[in-house]
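Engineer: After the structure tokens below, expect a handful of questions from me.
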Amino acid sequence: MLASRLIPRSAIRTLPSRQLASPVAAPVLSRWARGFASASEEKDLIIIGGGVAGYVAAIKAGQEGMKVACIEKRGTLGGTCLNVGCIPSKSLLNNSHLYHQILHDSKNRGIEVGEVKLNLQNFMKAKETAVTGLTKGVEFLLKKNGAEYIKGTGSFINEHEIKVNLNDGGESVLRGKNILIATGSEATPFPGLTVDEKRVVTSTGAIALEKVPETMTVIGGGIIGLEMASVWSRLGAKVTVVEFLGQIGGPGMDTEISKATQKILKKQGIEFKLNTKVVSGDTTGELVKLDIDAAKGGKPESIDSEVVLVAIGRRPYTQGLGLENIGLELDERGRVIIDSEYRTKIPHIRCIGDVTFGPMLAHKAEEEAVAVVEYMAKGHGHVNYGCIPSVMYTHPEVAWVGQSEQDLKSQNIPYKIGTFPFSANSRAKTNLDSEGLVKILADPETDRLLGAHIVGPGAGEMIAEATLALEYGASSEDIARTCHAHPTLSEAFKEAAMATYAKAVHF
Amino acid sequence: MYATRVLRQAAVHAERTPLIRFLGPRTIPSSIDHTPQPHPASPSGKLPEGFTAYYGRGDAASTHTSFGAYRDHAQQHGPLQKTIGTDAGIGGSSGYKLGSILPPQGVAFDVSELPARFRRQPLDLSEIEAIESGGAAILG
């Protein structure tokens with residue numbers, strides 16, 4: 001073979017003298033070939049992570065005409081959101097709500113049904129069908145937009161090179177002019193409790209339980225905890241939520257809305273222990289035992305449950321990324337530090353999504369993905385961090401955007417309030433689904449919208465209107481004078497706006 | 001007609017001016033300041049010290065205090081690694097020390113073994129198609 005006899009000039013130049021004495025072609029050649037930049041084609045953009053942030057950036061970059069590769073190790077695109085987060089949980093929430101309604105609500109509506117049985121296996125299959133359809137759809141979109149999808153684990157070799165350990169075996173090295181870190185987040189473990197995803201579960205295990213547990217304790221009364229609590233409570237589990245703070249829904253939820261939500265969820269059978277901390281856990285017995293105490297101490301007790309869900313938050317995921325090889329530092333909470341254009345301290349390496357600043361929300365990551373590619377391709381992008389909606393998909397849904405009343409109070413910002421209950425909304429009444437209210441906060445002088453908070457049916461869809469109004473800088477009168485169709489739930493939003501600047505008509 | 005106009009004029013003062021107004025088509029500012037600013041969602045509201053050291057590579061004099069510092073961050077077919085004074089890598093040893101660049105007796109170099117950038121550019125499918133169709137494929 002010619003190759004075995006020949007030694008390239010450059011290879012000779014880089015060889016240490018002891019190797020020169022007996023040049024062995026094969027290993028020398030492979031080392032030589034790897035050492036050069038031209039070993040692989042240079043990409044305009046390499047994205048590490050194929051979650052919502054990563055895949056949206058890949059599609060957008062493809063649309064902008066960039067040569068882009070997206071590295072994902074899960075084997076399917078969409079990240080936590082599509083695979084084990086937002087999407088599968090919505091399937092479970094929707095179907096468990098239907099089941100619960102058929103069981104407990106159909107009689108009031110004049111519908112008599114025979115025996116109703118839960119088939120948990122098929123229930124989970126429906127979830128998987130939704131997930132598979134969507135992840136495949138994303139893969140198609142990447143292909144359609146010319147973005148390369150690489151299944152493997154990426155880590156930095158240096159500022160421009162990424163080593164990929166391919167899922168199918170082997171390894172490759174990619175070079176990129178720009179690199180985007182979009183590695184997302186993982187569930188924060190609870191110290192002292194080992195997650196086995198069977199008895200002690202995170203949200204990942206909570207969407208895949210093999211049977212409905214008799215008892216379930218949820219550590220953390222945030223959005224994820226309450227959504228999962230709703231699912232299993234509707235399917236028959238006795239659920240207790242333990243929350244360290246004095247309110248459910250996390251610190252972002254407006255206190256008045258949080259209290260109203262808690263009341264509704266309590267009526268549905270979920271038990272709450274607020275201002276309570278979990279001291280320790282014991283998994284040795286048949287049931288998982290949690291020792292809890294008042295947040296301030298002095299009220300110790302213990303709870304036994306078949307399943308414990310740890311939902312105390314999520315933390316940025318940068319494990320194995322090789323950040324140490326490029327000298328990138330993280331902040332005290334493990335987030336990658338970036339500037340306003342998503343650049344790390346190495347300007348061509350940018351970072352978006354859960355792994356950096358801001359709320360850990362899929363739609364926030366999606367906005368950032370579009371903006372970061374625009375910064376690269378055009379030099380300008382846009383994300384308004386004051387205008388990112390949050391939605392909790394319990395029933396009724398809870399949604400909010402902008403500032404809460406406690407935010408405004410703490411900053412000494414003057415405000416006026418307008419509220420409207422769904423019990424006065426015609427559509428909610430006819431649907432026999434009229435729990436909740438809309439609350440609008442506006443500037444008392446200019447009437448400009450400052451925040452909107454909704455608990456009620458269809459809140460997650462309705463919040464889009466509030467978000468648009470907030471983004472455009474609308475006044476509550478602008479909303480109130482905009483014609484809303486009758487009879488719709490969105491009339492409640494219009495009436496709350498009327499109540500903010502004048503008076504609601506129907507309340 | 002006239003009466004309507006009078007009525008409308010009289011109503012002008014009573015008409016409400018919405019806060020939302022159409023501002024015209026979106027325009028891109030002609031100059032954008034790209035100096036690093038803290039991220040709006042950053043909890044500290046400031047960038048860590050030394051964050052900007054890497055920026056402005058194009059203007060070495062303003063961002064690097066010495067040629068050594070500039071070279072540490074310079075790019076040429078990838079980052080220029082600091083090899084002078086170390087044994088490994090290209091430039092690690094002087095040409096004299098490496099010996100003759102001529103191939104040993106009985107050994108020849110082949111173009112195919114050179115790095116890709118020195119080789120003939122491979123044709124891609126669209127180019128082949130364009131050649132075969134006499135250029136018609138480009139228009140199609």
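Identifiers for the structure tokens are assigned positionally: chains receive A, B, ... in sequence, residues are indexed from 1 per chain, and ligands are indexed from 1 in the order shown.
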Using only C-alpha atoms, determine which residues of chain B fall within 8 Å of chain A; present them as a VMD selection string.
Structural biologist: chain B and resid 18 to 20 32 34 36 to 43 47 51 to 55 77 to 79 89 to 90 95 98 to 99 101 to 103 107 to 110 113 to 117
Engineer: Excluding same-chain residues fewer than 4 positions from Glu112 (chain A), what lies within 10 Å of it counting only C-alpha atoms, as a CSV table (one decimal) with C-alpha atoms, in the first residue's frame?
Structural biologist:
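Result went into part_23.csv, see below:
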```csv
chain,number,residue,atom,x,y,z
A,102,ILE,CA,-66.4,11.6,33.4
A,103,LEU,CA,-66.3,10.2,36.9
A,105,ASP,CA,-69.0,15.8,36.7
A,106,SER,CA,-70.9,14.0,34.0
A,107,LYS,CA,-74.1,13.5,36.1
A,108,ASN,CA,-74.5,17.2,36.7
```
Engineer: CA of Pro389 (chain A) to CA of Val52 (chain A): how many Å, to one decimal?
Structural biologist: 16.5 Å
Engineer: Please indicate the distance in Å from CA of Glu139 (chain A) to CA of Leu77 (chain A), rounded to one decimal place.
Structural biologist: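 Computed distance, CA of Glu139 (chain A) to CA of Leu77 (chain A), equals 6.6 Å.
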Engineer: What's around region 190-196 of chain A at 12 Å? Count only C-alpha atoms, leave out sequence neighbours fewer than 5 positions away in its own chain, and write the answer as an MDAnalysis selection string.
Structural biologist: chainID A and resid 201:206 209 218:220 277:284 288:291 307:315
Engineer: Report the distance between CA of Gln247 (chain A) and CA of Leu265 (chain A) in Å, rounded to one decimal place.
Structural biologist: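 Rounded to one decimal, the two atoms are 12.9 Å apart.
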Engineer: Would you please give, as a VMD selection string, all residues of region 102-345 of chain A that DSSP assigns to helix (DSSP H, G or I) based on the backbone?
Structural biologist: chain A and resid 102 to 104 107 to 109 120 to 144 203 to 206 223 to 234 255 to 267 323 to 325
Engineer: Using only C-alpha atoms for the distances, tell me which of A:Lys409, A:Lys144, A:His100, A:Lys198 is nearest to Leu118 (chain A).
Structural biologist: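 Using only C-alpha atoms, the shortest distance to Leu118 (chain A) belongs to A:His100.
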Engineer: Could you find all residues in region 303-353 of chain A that DSSP calls strand (DSSP E or B) from the backbone, and write them as an MDAnalysis selection string?
Structural biologist: chainID A and resid 303:305 307:310 314:316 330 336 339 343 349:351
